[in-house]
2 protein chains.
Amino acid sequence: MRVSLDELEMLHSKVCRSVGDVRRLQLLYALENGALSVNTLVGILDVPQPTVSRHLSLLRQNGLLTTERAGTQIFYSLTDTRIIGILDNMRQVLHEMVENQSGKLDEMPVG
Amino acid sequence: MRVSLDELEMLHSKVCRSVGDVRRLQLLYALENGALSVNTLVGILDVPQPTVSRHLSLLRQNGLLTTERAGTQIFYSLTDTRIIGILDNMRQVLHEMVENQSGKLDEMPVG
DNA sequence: AAGTTATATTCGCATATACGGATGGTATAT
DNA sequence: ATATACCATCCGTATATGCGAATATAACTT
């Protein structure tokens with residue numbers, strides 16, 4: 001499948017946006033070591049089942065997760081585990097940025 | 001500065017969300033090779049100046065950009081250029097994912 | 001001080017997103 | 001067929017986000 005730069009840019013921002021939610025970030029990390037059922041994820045995140053289901057659905061629509069049914073359960077897993085590595089890199093950089101520039105985040109306007 | 005896992009998680013999702021907008025993604029990439037003035041960025045993105053200014057402001061509030069005034073102009077630059085490398089990694093992975101699973105994104109529900 | 005350039009902010013509006021609770025659907029078991 | 005377990009979707013609501021147009025602020029010039 002050929003993909004233009006514009007399409008890639010769109011996908012890129014869409015994926016970043018879908019990661020840009022604490023619950024969804026937690027879901028991705030929870031699946032770091034393999035597939036889990038919805039119910040298990042509900043237990044881990046401790047939020048209502050419909051909430052988890054909606055976030056999982058969004059992540060799947062954006063290609064980050066895939067599903068597999070086993071009886072009545074549905075197991076979600078990462079489409080590409082390299083995503084976690086990338087998120088870890090980002091987290092590491094952010095960690096350093098926070099420690100270095102300390103209170104400089106959210107600083108006052110330039111004027 | 002000590003930073004808890006929760007705080008880091010918050011920052012992480014906040015930063016991802018701020019990257020999750022096409023304009024802001026374009027702004028970050030535009031600044032890949034050094035600082036640029038707001039007006040220059042307006043020319044590159046070809047969107048109204050207030051729109052650019054608002055997106056820049058958000059990116060700065062989230063720590064991704066820093067500013068420096070030079071006369072009447074304000075130059076924005078990346079706080080940490082490693083961010084671009086991370087975004088490139090993600091873009092590369094997404095590119096491969098799209099090419100591999102072709103039309104599988106946005107596929108139909110599991111039921 | 002008045003004018004000019006560059007940038008930031010405000011306002012009103014439209015759209016998108018997230019949530020809880022209820023409901024709907026699917027698969028297995030009895 | 002009924003019951004149960006598991007998951008997805010709908011509904012109404014509250015909040016967040018993005019935009020264009022107009023306006024405000026800051027710095028430099030004359």
# chains A, B, ... in the order shown; residues from 1 in each chain; ligands from 1

$ residues_around --residues "C:DG21" --least-positions-apart "5" --cutoff "12 Å" --atoms "only C-alpha atoms (C1' of nucleotides)" --output "ChimeraX atom specification"
/A:48-51 /D:10-13

$ calpha_fit_and_write --fixed "chain A" --moving "chain B" --output "mmCIF file with N, CA and C atoms, in the first residue's frame"
data_model
loop_
_atom_site.group_PDB
_atom_site.id
_atom_site.type_symbol
_atom_site.label_atom_id
_atom_site.label_comp_id
_atom_site.auth_asym_id
_atom_site.auth_seq_id
_atom_site.Cartn_x
_atom_site.Cartn_y
_atom_site.Cartn_z
ATOM 1 N N MET B 1 0.825 -1.243 -0.007
ATOM 2 C CA MET B 1 -0.014 -0.037 -0.006
ATOM 3 C C MET B 1 0.865 1.207 -0.006
ATOM 4 N N ARG B 2 0.663 2.059 -1.003
ATOM 5 C CA ARG B 2 1.388 3.323 -1.057
ATOM 6 C C ARG B 2 0.744 4.299 -0.088
ATOM 7 N N VAL B 3 1.589 5.092 0.582
ATOM 8 C CA VAL B 3 1.042 6.043 1.529
ATOM 9 C C VAL B 3 1.761 7.376 1.340
ATOM 10 N N SER B 4 0.959 8.417 1.105
ATOM 11 C CA SER B 4 1.539 9.740 0.860
ATOM 12 C C SER B 4 2.012 10.360 2.164
ATOM 13 N N LEU B 5 2.796 11.416 2.026
ATOM 14 C CA LEU B 5 3.295 12.101 3.218
ATOM 15 C C LEU B 5 2.141 12.696 4.015
ATOM 16 N N ASP B 6 1.171 13.241 3.303
ATOM 17 C CA ASP B 6 0.015 13.816 3.983
ATOM 18 C C ASP B 6 -0.741 12.770 4.790
ATOM 19 N N GLU B 7 -0.957 11.615 4.161
ATOM 20 C CA GLU B 7 -1.676 10.545 4.856
ATOM 21 C C GLU B 7 -0.897 10.098 6.082
ATOM 22 N N LEU B 8 0.412 9.981 5.901
ATOM 23 C CA LEU B 8 1.247 9.553 7.014
ATOM 24 C C LEU B 8 1.196 10.573 8.141
ATOM 25 N N GLU B 9 1.203 11.848 7.744
ATOM 26 C CA GLU B 9 1.140 12.925 8.732
ATOM 27 C C GLU B 9 -0.175 12.858 9.512
ATOM 28 N N MET B 10 -1.234 12.618 8.779
ATOM 29 C CA MET B 10 -2.546 12.471 9.422
ATOM 30 C C MET B 10 -2.547 11.304 10.403
ATOM 31 N N LEU B 11 -2.104 10.168 9.920
ATOM 32 C CA LEU B 11 -2.053 8.979 10.771
ATOM 33 C C LEU B 11 -1.196 9.241 11.999
ATOM 34 N N HIS B 12 -0.065 9.883 11.753
ATOM 35 C CA HIS B 12 0.868 10.173 12.833
ATOM 36 C C HIS B 12 0.183 10.999 13.926
ATOM 37 N N SER B 13 -0.467 12.071 13.526
ATOM 38 C CA SER B 13 -1.102 12.930 14.529
ATOM 39 C C SER B 13 -2.283 12.208 15.179
ATOM 40 N N LYS B 14 -2.985 11.409 14.396
ATOM 41 C CA LYS B 14 -4.127 10.682 14.944
ATOM 42 C C LYS B 14 -3.658 9.687 16.004
ATOM 43 N N VAL B 15 -2.581 9.003 15.704
ATOM 44 C CA VAL B 15 -2.049 8.025 16.656
ATOM 45 C C VAL B 15 -1.537 8.729 17.909
ATOM 46 N N CYS B 16 -0.833 9.836 17.716
ATOM 47 C CA CYS B 16 -0.351 10.585 18.883
ATOM 48 C C CYS B 16 -1.506 11.058 19.734
ATOM 49 N N ARG B 17 -2.553 11.518 19.094
ATOM 50 C CA ARG B 17 -3.691 11.991 19.858
ATOM 51 C C ARG B 17 -4.328 10.839 20.638
ATOM 52 N N SER B 18 -4.379 9.651 20.023
ATOM 53 C CA SER B 18 -5.017 8.535 20.729
ATOM 54 C C SER B 18 -4.163 8.068 21.909
ATOM 55 N N VAL B 19 -2.863 8.289 21.831
ATOM 56 C CA VAL B 19 -2.014 7.966 22.981
ATOM 57 C C VAL B 19 -2.120 9.068 24.045
ATOM 58 N N GLY B 20 -2.599 10.228 23.648
ATOM 59 C CA GLY B 20 -2.623 11.371 24.536
ATOM 60 C C GLY B 20 -3.774 11.371 25.517
ATOM 61 N N ASP B 21 -3.978 10.262 26.153
ATOM 62 C CA ASP B 21 -5.020 10.127 27.174
ATOM 63 C C ASP B 21 -4.492 9.148 28.219
ATOM 64 N N VAL B 22 -4.587 9.529 29.464
ATOM 65 C CA VAL B 22 -3.960 8.723 30.512
ATOM 66 C C VAL B 22 -4.448 7.283 30.482
ATOM 67 N N ARG B 23 -5.739 7.096 30.368
ATOM 68 C CA ARG B 23 -6.268 5.729 30.356
ATOM 69 C C ARG B 23 -5.710 4.922 29.204
ATOM 70 N N ARG B 24 -5.682 5.538 28.033
ATOM 71 C CA ARG B 24 -5.205 4.783 26.871
ATOM 72 C C ARG B 24 -3.715 4.491 26.991
ATOM 73 N N LEU B 25 -2.988 5.430 27.544
ATOM 74 C CA LEU B 25 -1.569 5.191 27.781
ATOM 75 C C LEU B 25 -1.394 4.008 28.732
ATOM 76 N N GLN B 26 -2.198 3.984 29.784
ATOM 77 C CA GLN B 26 -2.135 2.879 30.733
ATOM 78 C C GLN B 26 -2.496 1.555 30.066
ATOM 79 N N LEU B 27 -3.475 1.597 29.184
ATOM 80 C CA LEU B 27 -3.871 0.369 28.487
ATOM 81 C C LEU B 27 -2.717 -0.164 27.643
ATOM 82 N N LEU B 28 -2.055 0.716 26.919
ATOM 83 C CA LEU B 28 -0.947 0.271 26.079
ATOM 84 C C LEU B 28 0.153 -0.368 26.928
ATOM 85 N N TYR B 29 0.482 0.295 28.028
ATOM 86 C CA TYR B 29 1.528 -0.251 28.890
ATOM 87 C C TYR B 29 1.080 -1.558 29.536
ATOM 88 N N ALA B 30 -0.205 -1.676 29.843
ATOM 89 C CA ALA B 30 -0.706 -2.912 30.448
ATOM 90 C C ALA B 30 -0.552 -4.086 29.491
ATOM 91 N N LEU B 31 -0.583 -3.794 28.199
ATOM 92 C CA LEU B 31 -0.503 -4.858 27.202
ATOM 93 C C LEU B 31 0.927 -5.106 26.742
ATOM 94 N N GLU B 32 1.857 -4.450 27.421
ATOM 95 C CA GLU B 32 3.270 -4.535 27.036
ATOM 96 C C GLU B 32 3.767 -5.982 26.934
ATOM 97 N N ASN B 33 3.312 -6.821 27.863
ATOM 98 C CA ASN B 33 3.848 -8.185 27.921
ATOM 99 C C ASN B 33 2.918 -9.247 27.364
ATOM 100 N N GLY B 34 1.950 -8.833 26.568
ATOM 101 C CA GLY B 34 1.096 -9.824 25.944
ATOM 102 C C GLY B 34 -0.377 -9.487 26.045
ATOM 103 N N ALA B 35 -1.194 -10.280 25.372
ATOM 104 C CA ALA B 35 -2.628 -10.035 25.267
ATOM 105 C C ALA B 35 -3.323 -10.199 26.614
ATOM 106 N N LEU B 36 -4.349 -9.368 26.794
ATOM 107 C CA LEU B 36 -5.180 -9.458 28.000
ATOM 108 C C LEU B 36 -6.644 -9.272 27.602
ATOM 109 N N SER B 37 -7.529 -9.860 28.397
ATOM 110 C CA SER B 37 -8.956 -9.706 28.146
ATOM 111 C C SER B 37 -9.443 -8.351 28.660
ATOM 112 N N VAL B 38 -10.585 -7.934 28.183
ATOM 113 C CA VAL B 38 -11.167 -6.661 28.606
ATOM 114 C C VAL B 38 -11.371 -6.643 30.112
ATOM 115 N N ASN B 39 -11.894 -7.732 30.632
ATOM 116 C CA ASN B 39 -12.174 -7.799 32.066
ATOM 117 C C ASN B 39 -10.900 -7.636 32.891
ATOM 118 N N THR B 40 -9.841 -8.272 32.449
ATOM 119 C CA THR B 40 -8.563 -8.132 33.141
ATOM 120 C C THR B 40 -8.113 -6.669 33.141
ATOM 121 N N LEU B 41 -8.264 -6.029 32.013
ATOM 122 C CA LEU B 41 -7.858 -4.625 31.904
ATOM 123 C C LEU B 41 -8.728 -3.735 32.787
ATOM 124 N N VAL B 42 -9.999 -4.067 32.883
ATOM 125 C CA VAL B 42 -10.886 -3.325 33.777
ATOM 126 C C VAL B 42 -10.361 -3.409 35.201
ATOM 127 N N GLY B 43 -9.911 -4.636 35.591
ATOM 128 C CA GLY B 43 -9.358 -4.805 36.929
ATOM 129 C C GLY B 43 -8.082 -4.013 37.130
ATOM 130 N N ILE B 44 -7.251 -3.953 36.129
ATOM 131 C CA ILE B 44 -5.969 -3.249 36.248
ATOM 132 C C ILE B 44 -6.177 -1.742 36.353
ATOM 133 N N LEU B 45 -7.026 -1.212 35.485
ATOM 134 C CA LEU B 45 -7.205 0.245 35.470
ATOM 135 C C LEU B 45 -8.192 0.719 36.532
ATOM 136 N N ASP B 46 -9.049 -0.187 36.961
ATOM 137 C CA ASP B 46 -10.052 0.154 37.963
ATOM 138 C C ASP B 46 -10.961 1.296 37.515
ATOM 139 N N VAL B 47 -11.466 1.163 36.312
ATOM 140 C CA VAL B 47 -12.467 2.089 35.782
ATOM 141 C C VAL B 47 -13.599 1.248 35.202
ATOM 142 N N PRO B 48 -14.785 1.844 35.011
ATOM 143 C CA PRO B 48 -15.935 1.077 34.520
ATOM 144 C C PRO B 48 -15.651 0.361 33.195
ATOM 145 N N GLN B 49 -16.297 -0.755 33.030
ATOM 146 C CA GLN B 49 -16.062 -1.566 31.834
ATOM 147 C C GLN B 49 -16.364 -0.825 30.526
ATOM 148 N N PRO B 50 -17.480 -0.085 30.427
ATOM 149 C CA PRO B 50 -17.732 0.613 29.165
ATOM 150 C C PRO B 50 -16.625 1.615 28.820
ATOM 151 N N THR B 51 -16.086 2.245 29.832
ATOM 152 C CA THR B 51 -15.003 3.197 29.588
ATOM 153 C C THR B 51 -13.795 2.488 28.978
ATOM 154 N N VAL B 52 -13.418 1.365 29.590
ATOM 155 C CA VAL B 52 -12.296 0.598 29.036
ATOM 156 C C VAL B 52 -12.597 0.163 27.614
ATOM 157 N N SER B 53 -13.808 -0.313 27.411
ATOM 158 C CA SER B 53 -14.180 -0.819 26.097
ATOM 159 C C SER B 53 -14.099 0.266 25.030
ATOM 160 N N ARG B 54 -14.547 1.442 25.390
ATOM 161 C CA ARG B 54 -14.489 2.538 24.417
ATOM 162 C C ARG B 54 -13.051 2.922 24.075
ATOM 163 N N HIS B 55 -12.198 2.978 25.092
ATOM 164 C CA HIS B 55 -10.805 3.337 24.826
ATOM 165 C C HIS B 55 -10.120 2.261 23.988
ATOM 166 N N LEU B 56 -10.403 1.010 24.308
ATOM 167 C CA LEU B 56 -9.827 -0.083 23.526
ATOM 168 C C LEU B 56 -10.283 0.003 22.074
ATOM 169 N N SER B 57 -11.545 0.300 21.911
ATOM 170 C CA SER B 57 -12.093 0.401 20.562
ATOM 171 C C SER B 57 -11.377 1.485 19.754
ATOM 172 N N LEU B 58 -11.147 2.610 20.397
ATOM 173 C CA LEU B 58 -10.457 3.705 19.712
ATOM 174 C C LEU B 58 -9.035 3.304 19.324
ATOM 175 N N LEU B 59 -8.339 2.675 20.251
ATOM 176 C CA LEU B 59 -6.968 2.260 19.968
ATOM 177 C C LEU B 59 -6.936 1.238 18.828
ATOM 178 N N ARG B 60 -7.949 0.395 18.801
ATOM 179 C CA ARG B 60 -7.997 -0.595 17.721
ATOM 180 C C ARG B 60 -8.294 0.080 16.383
ATOM 181 N N GLN B 61 -9.237 1.026 16.399
ATOM 182 C CA GLN B 61 -9.560 1.739 15.166
ATOM 183 C C GLN B 61 -8.345 2.457 14.595
ATOM 184 N N ASN B 62 -7.466 2.916 15.469
ATOM 185 C CA ASN B 62 -6.281 3.627 15.000
ATOM 186 C C ASN B 62 -5.104 2.695 14.743
ATOM 187 N N GLY B 63 -5.375 1.399 14.821
ATOM 188 C CA GLY B 63 -4.364 0.437 14.402
ATOM 189 C C GLY B 63 -3.368 0.022 15.465
ATOM 190 N N LEU B 64 -3.489 0.559 16.674
ATOM 191 C CA LEU B 64 -2.493 0.255 17.696
ATOM 192 C C LEU B 64 -2.749 -1.088 18.364
ATOM 193 N N LEU B 65 -3.991 -1.544 18.351
ATOM 194 C CA LEU B 65 -4.321 -2.812 19.001
ATOM 195 C C LEU B 65 -5.030 -3.742 18.016
ATOM 196 N N THR B 66 -4.878 -5.036 18.273
ATOM 197 C CA THR B 66 -5.623 -6.032 17.515
ATOM 198 C C THR B 66 -6.361 -6.918 18.502
ATOM 199 N N THR B 67 -7.383 -7.615 18.009
ATOM 200 C CA THR B 67 -8.218 -8.413 18.902
ATOM 201 C C THR B 67 -8.296 -9.857 18.440
ATOM 202 N N GLU B 68 -8.584 -10.704 19.410
ATOM 203 C CA GLU B 68 -8.778 -12.116 19.117
ATOM 204 C C GLU B 68 -9.810 -12.642 20.106
ATOM 205 N N ARG B 69 -10.804 -13.278 19.579
ATOM 206 C CA ARG B 69 -11.844 -13.789 20.453
ATOM 207 C C ARG B 69 -11.489 -15.184 20.954
ATOM 208 N N ALA B 70 -11.812 -15.432 22.232
ATOM 209 C CA ALA B 70 -11.644 -16.758 22.819
ATOM 210 C C ALA B 70 -12.871 -17.029 23.658
ATOM 211 N N GLY B 71 -13.820 -17.715 23.084
ATOM 212 C CA GLY B 71 -15.080 -17.931 23.775
ATOM 213 C C GLY B 71 -15.812 -16.616 23.918
ATOM 214 N N THR B 72 -16.222 -16.322 25.129
ATOM 215 C CA THR B 72 -16.935 -15.059 25.335
ATOM 216 C C THR B 72 -15.976 -13.903 25.581
ATOM 217 N N GLN B 73 -14.729 -14.226 25.749
ATOM 218 C CA GLN B 73 -13.766 -13.164 26.030
ATOM 219 C C GLN B 73 -13.107 -12.660 24.742
ATOM 220 N N ILE B 74 -12.642 -11.431 24.805
ATOM 221 C CA ILE B 74 -11.891 -10.863 23.690
ATOM 222 C C ILE B 74 -10.555 -10.373 24.224
ATOM 223 N N PHE B 75 -9.508 -10.859 23.623
ATOM 224 C CA PHE B 75 -8.163 -10.494 24.061
ATOM 225 C C PHE B 75 -7.597 -9.422 23.154
ATOM 226 N N TYR B 76 -7.121 -8.361 23.787
ATOM 227 C CA TYR B 76 -6.478 -7.278 23.050
ATOM 228 C C TYR B 76 -4.963 -7.411 23.167
ATOM 229 N N SER B 77 -4.284 -7.088 22.076
ATOM 230 C CA SER B 77 -2.821 -7.096 22.131
ATOM 231 C C SER B 77 -2.271 -5.994 21.232
ATOM 232 N N LEU B 78 -1.033 -5.639 21.476
ATOM 233 C CA LEU B 78 -0.384 -4.595 20.693
ATOM 234 C C LEU B 78 -0.173 -5.064 19.259
ATOM 235 N N THR B 79 -0.490 -4.196 18.311
ATOM 236 C CA THR B 79 -0.247 -4.528 16.912
ATOM 237 C C THR B 79 1.253 -4.609 16.651
ATOM 238 N N ASP B 80 1.989 -3.699 17.224
ATOM 239 C CA ASP B 80 3.442 -3.648 17.033
ATOM 240 C C ASP B 80 4.078 -3.232 18.359
ATOM 241 N N THR B 81 4.822 -4.146 18.941
ATOM 242 C CA THR B 81 5.364 -3.881 20.287
ATOM 243 C C THR B 81 6.414 -2.775 20.274
ATOM 244 N N ARG B 82 6.918 -2.410 19.099
ATOM 245 C CA ARG B 82 7.891 -1.310 19.052
ATOM 246 C C ARG B 82 7.305 -0.015 19.577
ATOM 247 N N ILE B 83 5.982 0.083 19.520
ATOM 248 C CA ILE B 83 5.311 1.283 20.030
ATOM 249 C C ILE B 83 5.703 1.542 21.480
ATOM 250 N N ILE B 84 5.761 0.474 22.261
ATOM 251 C CA ILE B 84 6.124 0.631 23.663
ATOM 252 C C ILE B 84 7.540 1.181 23.803
ATOM 253 N N GLY B 85 8.433 0.682 22.989
ATOM 254 C CA GLY B 85 9.802 1.195 23.027
ATOM 255 C C GLY B 85 9.837 2.683 22.730
ATOM 256 N N ILE B 86 9.068 3.084 21.748
ATOM 257 C CA ILE B 86 9.014 4.504 21.388
ATOM 258 C C ILE B 86 8.456 5.325 22.536
ATOM 259 N N LEU B 87 7.380 4.827 23.140
ATOM 260 C CA LEU B 87 6.783 5.548 24.268
ATOM 261 C C LEU B 87 7.771 5.632 25.428
ATOM 262 N N ASP B 88 8.521 4.555 25.628
ATOM 263 C CA ASP B 88 9.533 4.585 26.688
ATOM 264 C C ASP B 88 10.598 5.640 26.404
ATOM 265 N N ASN B 89 11.031 5.711 25.162
ATOM 266 C CA ASN B 89 12.010 6.739 24.796
ATOM 267 C C ASN B 89 11.476 8.124 25.130
ATOM 268 N N MET B 90 10.261 8.361 24.688
ATOM 269 C CA MET B 90 9.674 9.675 24.936
ATOM 270 C C MET B 90 9.584 9.950 26.427
ATOM 271 N N ARG B 91 9.145 8.953 27.164
ATOM 272 C CA ARG B 91 8.996 9.130 28.607
ATOM 273 C C ARG B 91 10.342 9.455 29.240
ATOM 274 N N GLN B 92 11.383 8.787 28.771
ATOM 275 C CA GLN B 92 12.719 9.025 29.313
ATOM 276 C C GLN B 92 13.167 10.465 29.032
ATOM 277 N N VAL B 93 12.962 10.896 27.806
ATOM 278 C CA VAL B 93 13.347 12.265 27.441
ATOM 279 C C VAL B 93 12.560 13.276 28.269
ATOM 280 N N LEU B 94 11.275 13.034 28.407
ATOM 281 C CA LEU B 94 10.450 13.952 29.193
ATOM 282 C C LEU B 94 10.918 13.987 30.638
ATOM 283 N N HIS B 95 11.265 12.819 31.153
ATOM 284 C CA HIS B 95 11.751 12.747 32.520
ATOM 285 C C HIS B 95 12.988 13.641 32.689
ATOM 286 N N GLU B 96 13.909 13.512 31.761
ATOM 287 C CA GLU B 96 15.125 14.335 31.830
ATOM 288 C C GLU B 96 14.798 15.810 31.684
ATOM 289 N N MET B 97 13.894 16.109 30.780
ATOM 290 C CA MET B 97 13.535 17.511 30.574
ATOM 291 C C MET B 97 12.968 18.114 31.853
ATOM 292 N N VAL B 98 12.089 17.373 32.507
ATOM 293 C CA VAL B 98 11.491 17.869 33.743
ATOM 294 C C VAL B 98 12.554 18.062 34.822
ATOM 295 N N GLU B 99 13.452 17.086 34.929
ATOM 296 C CA GLU B 99 14.467 17.189 35.981
ATOM 297 C C GLU B 99 15.453 18.317 35.712
ATOM 298 N N ASN B 100 15.743 18.552 34.439
ATOM 299 C CA ASN B 100 16.701 19.602 34.113
ATOM 300 C C ASN B 100 16.126 20.993 34.275
ATOM 301 N N GLN B 101 15.040 21.252 33.568
ATOM 302 C CA GLN B 101 14.532 22.623 33.588
ATOM 303 C C GLN B 101 13.547 22.848 34.714
ATOM 304 N N SER B 102 13.453 21.879 35.591
ATOM 305 C CA SER B 102 12.683 22.020 36.820
ATOM 306 C C SER B 102 11.382 22.779 36.614
ATOM 307 N N GLY B 103 11.280 23.970 37.167
ATOM 308 C CA GLY B 103 10.013 24.686 37.148
ATOM 309 C C GLY B 103 9.758 25.464 35.881
ATOM 310 N N LYS B 104 10.587 25.256 34.870
ATOM 311 C CA LYS B 104 10.460 26.091 33.685
ATOM 312 C C LYS B 104 9.236 25.767 32.840
ATOM 313 N N LEU B 105 8.656 24.575 33.026
ATOM 314 C CA LEU B 105 7.433 24.277 32.302
ATOM 315 C C LEU B 105 6.341 25.220 32.766
ATOM 316 N N ASP B 106 5.500 25.577 31.829
ATOM 317 C CA ASP B 106 4.360 26.431 32.146
ATOM 318 C C ASP B 106 4.799 27.807 32.641
ATOM 319 N N GLU B 107 5.954 28.236 32.211
ATOM 320 C CA GLU B 107 6.442 29.527 32.685
ATOM 321 C C GLU B 107 5.641 30.681 32.083
ATOM 322 N N MET B 108 5.916 31.834 32.545
ATOM 323 C CA MET B 108 5.151 33.011 32.141
ATOM 324 C C MET B 108 5.454 33.431 30.702
ATOM 325 N N PRO B 109 4.496 34.146 30.107
ATOM 326 C CA PRO B 109 4.647 34.611 28.727
ATOM 327 C C PRO B 109 5.927 35.424 28.511
ATOM 328 N N VAL B 110 6.238 35.614 27.254
ATOM 329 C CA VAL B 110 7.510 36.211 26.900
ATOM 330 C C VAL B 110 7.535 37.724 27.095
ATOM 331 N N GLY B 111 6.410 38.351 26.785
ATOM 332 C CA GLY B 111 6.306 39.807 26.757
ATOM 333 C C GLY B 111 7.281 40.435 27.676
#

$ select_by_dssp --residues "stretch 20-76 of chain A" --states "alpha helix (DSSP H)" --output "PyMOL selection string"
chain A and resi 22-30+38-45+49-61

$ write_last_selection --atoms "C-alpha atoms" --output "PDB file, in the first residue's frame"
ATOM      1  CA  VAL A  22      -3.921   8.723  30.525  1.00  0.00           C
ATOM      2  CA  ARG A  23      -6.258   5.751  30.371  1.00  0.00           C
ATOM      3  CA  ARG A  24      -5.186   4.772  26.891  1.00  0.00           C
ATOM      4  CA  LEU A  25      -1.549   5.177  27.812  1.00  0.00           C
ATOM      5  CA  GLN A  26      -2.134   2.868  30.756  1.00  0.00           C
ATOM      6  CA  LEU A  27      -3.874   0.365  28.500  1.00  0.00           C
ATOM      7  CA  LEU A  28      -0.938   0.270  26.093  1.00  0.00           C
ATOM      8  CA  TYR A  29       1.540  -0.271  28.911  1.00  0.00           C
ATOM      9  CA  ALA A  30      -0.694  -2.919  30.458  1.00  0.00           C
ATOM     10  CA  VAL A  38     -11.182  -6.648  28.594  1.00  0.00           C
ATOM     11  CA  ASN A  39     -12.176  -7.785  32.049  1.00  0.00           C
ATOM     12  CA  THR A  40      -8.567  -8.109  33.138  1.00  0.00           C
ATOM     13  CA  LEU A  41      -7.882  -4.597  31.890  1.00  0.00           C
ATOM     14  CA  VAL A  42     -10.926  -3.307  33.766  1.00  0.00           C
ATOM     15  CA  GLY A  43      -9.407  -4.787  36.902  1.00  0.00           C
ATOM     16  CA  ILE A  44      -6.010  -3.239  36.249  1.00  0.00           C
ATOM     17  CA  LEU A  45      -7.229   0.272  35.469  1.00  0.00           C
ATOM     18  CA  GLN A  49     -16.087  -1.502  31.787  1.00  0.00           C
ATOM     19  CA  PRO A  50     -17.733   0.700  29.127  1.00  0.00           C
ATOM     20  CA  THR A  51     -14.978   3.249  29.585  1.00  0.00           C
ATOM     21  CA  VAL A  52     -12.281   0.650  29.029  1.00  0.00           C
ATOM     22  CA  SER A  53     -14.170  -0.772  26.092  1.00  0.00           C
ATOM     23  CA  ARG A  54     -14.453   2.584  24.388  1.00  0.00           C
ATOM     24  CA  HIS A  55     -10.755   3.351  24.814  1.00  0.00           C
ATOM     25  CA  LEU A  56      -9.812  -0.073  23.512  1.00  0.00           C
ATOM     26  CA  SER A  57     -12.079   0.423  20.538  1.00  0.00           C
ATOM     27  CA  LEU A  58     -10.428   3.737  19.697  1.00  0.00           C
ATOM     28  CA  LEU A  59      -6.952   2.267  19.955  1.00  0.00           C
ATOM     29  CA  ARG A  60      -8.002  -0.584  17.702  1.00  0.00           C
ATOM     30  CA  GLN A  61      -9.552   1.750  15.143  1.00  0.00           C
TER      31      GLN A  61
END

$ atom_distance --atom1 "atom C1' of D:DC6" --atom2 "atom C1' of C:DA29"
13.7 Å

$ select_by_dssp --residues "stretch 34-109 of chain B" --states "strand (DSSP E or B)" --output "list in words"
Leu36, Ser37, Leu65, Thr66, Thr67, Glu68, Arg69, Ala70, Gln73, Ile74, Phe75, Tyr76, Ser77 and Leu78 of chain B

$ write_last_selection --atoms "N, CA and C atoms" --output "JSON list (two decimals), in the first residue's frame"
[["chain", "number", "residue", "atom", "x", "y", "z"],
["B", 36, "LEU", "N", 12.91, 29.44, 14.49],
["B", 36, "LEU", "CA", 12.26, 30.24, 13.45],
["B", 36, "LEU", "C", 11.30, 31.22, 14.13],
["B", 37, "SER", "N", 11.07, 32.34, 13.46],
["B", 37, "SER", "CA", 10.13, 33.33, 13.98],
["B", 37, "SER", "C", 8.69, 32.90, 13.68],
["B", 65, "LEU", "N", 8.63, 23.50, 23.38],
["B", 65, "LEU", "CA", 9.29, 24.61, 22.70],
["B", 65, "LEU", "C", 9.76, 25.66, 23.71],
["B", 66, "THR", "N", 10.80, 26.38, 23.32],
["B", 66, "THR", "CA", 11.26, 27.51, 24.10],
["B", 66, "THR", "C", 11.31, 28.73, 23.20],
["B", 67, "THR", "N", 11.32, 29.91, 23.80],
["B", 67, "THR", "CA", 11.27, 31.14, 23.01],
["B", 67, "THR", "C", 12.42, 32.06, 23.35],
["B", 68, "GLU", "N", 12.72, 32.90, 22.38],
["B", 68, "GLU", "CA", 13.75, 33.92, 22.58],
["B", 68, "GLU", "C", 13.35, 35.13, 21.75],
["B", 69, "ARG", "N", 13.33, 36.25, 22.39],
["B", 69, "ARG", "CA", 12.93, 37.45, 21.68],
["B", 69, "ARG", "C", 14.14, 38.10, 21.00],
["B", 70, "ALA", "N", 13.90, 38.62, 19.78],
["B", 70, "ALA", "CA", 14.92, 39.37, 19.06],
["B", 70, "ALA", "C", 14.23, 40.56, 18.44],
["B", 73, "GLN", "N", 10.55, 40.42, 16.98],
["B", 73, "GLN", "CA", 10.26, 39.03, 16.62],
["B", 73, "GLN", "C", 10.51, 38.09, 17.81],
["B", 74, "ILE", "N", 9.83, 36.97, 17.77],
["B", 74, "ILE", "CA", 10.05, 35.93, 18.77],
["B", 74, "ILE", "C", 10.39, 34.64, 18.05],
["B", 75, "PHE", "N", 11.51, 34.08, 18.41],
["B", 75, "PHE", "CA", 11.97, 32.85, 17.76],
["B", 75, "PHE", "C", 11.65, 31.66, 18.64],
["B", 76, "TYR", "N", 11.00, 30.68, 18.03],
["B", 76, "TYR", "CA", 10.69, 29.44, 18.73],
["B", 76, "TYR", "C", 11.69, 28.36, 18.33],
["B", 77, "SER", "N", 12.05, 27.54, 19.30],
["B", 77, "SER", "CA", 12.94, 26.42, 18.98],
["B", 77, "SER", "C", 12.59, 25.22, 19.86],
["B", 78, "LEU", "N", 13.02, 24.07, 19.42],
["B", 78, "LEU", "CA", 12.75, 22.84, 20.16],
["B", 78, "LEU", "C", 13.50, 22.84, 21.49]]

$ atom_distance --atom1 "atom C1' of D:DA14" --atom2 "atom C1' of C:DT10"
23.2 Å

$ interface_residues --of "chain D" --to "chain B" --cutoff "8 Å" --atoms "only C-alpha atoms (C1' of nucleotides)" --output "PyMOL selection string"
chain D and resi 19+26-28

$ atom_distance --atom1 "atom C1' of C:DG3" --atom2 "atom C1' of D:DA22"
20.0 Å

$ interface_residues --of "chain C" --to "chain B" --cutoff "10 Å" --atoms "only C-alpha atoms (C1' of nucleotides)" --output "ChimeraX atom specification"
/C:5-9,25-27
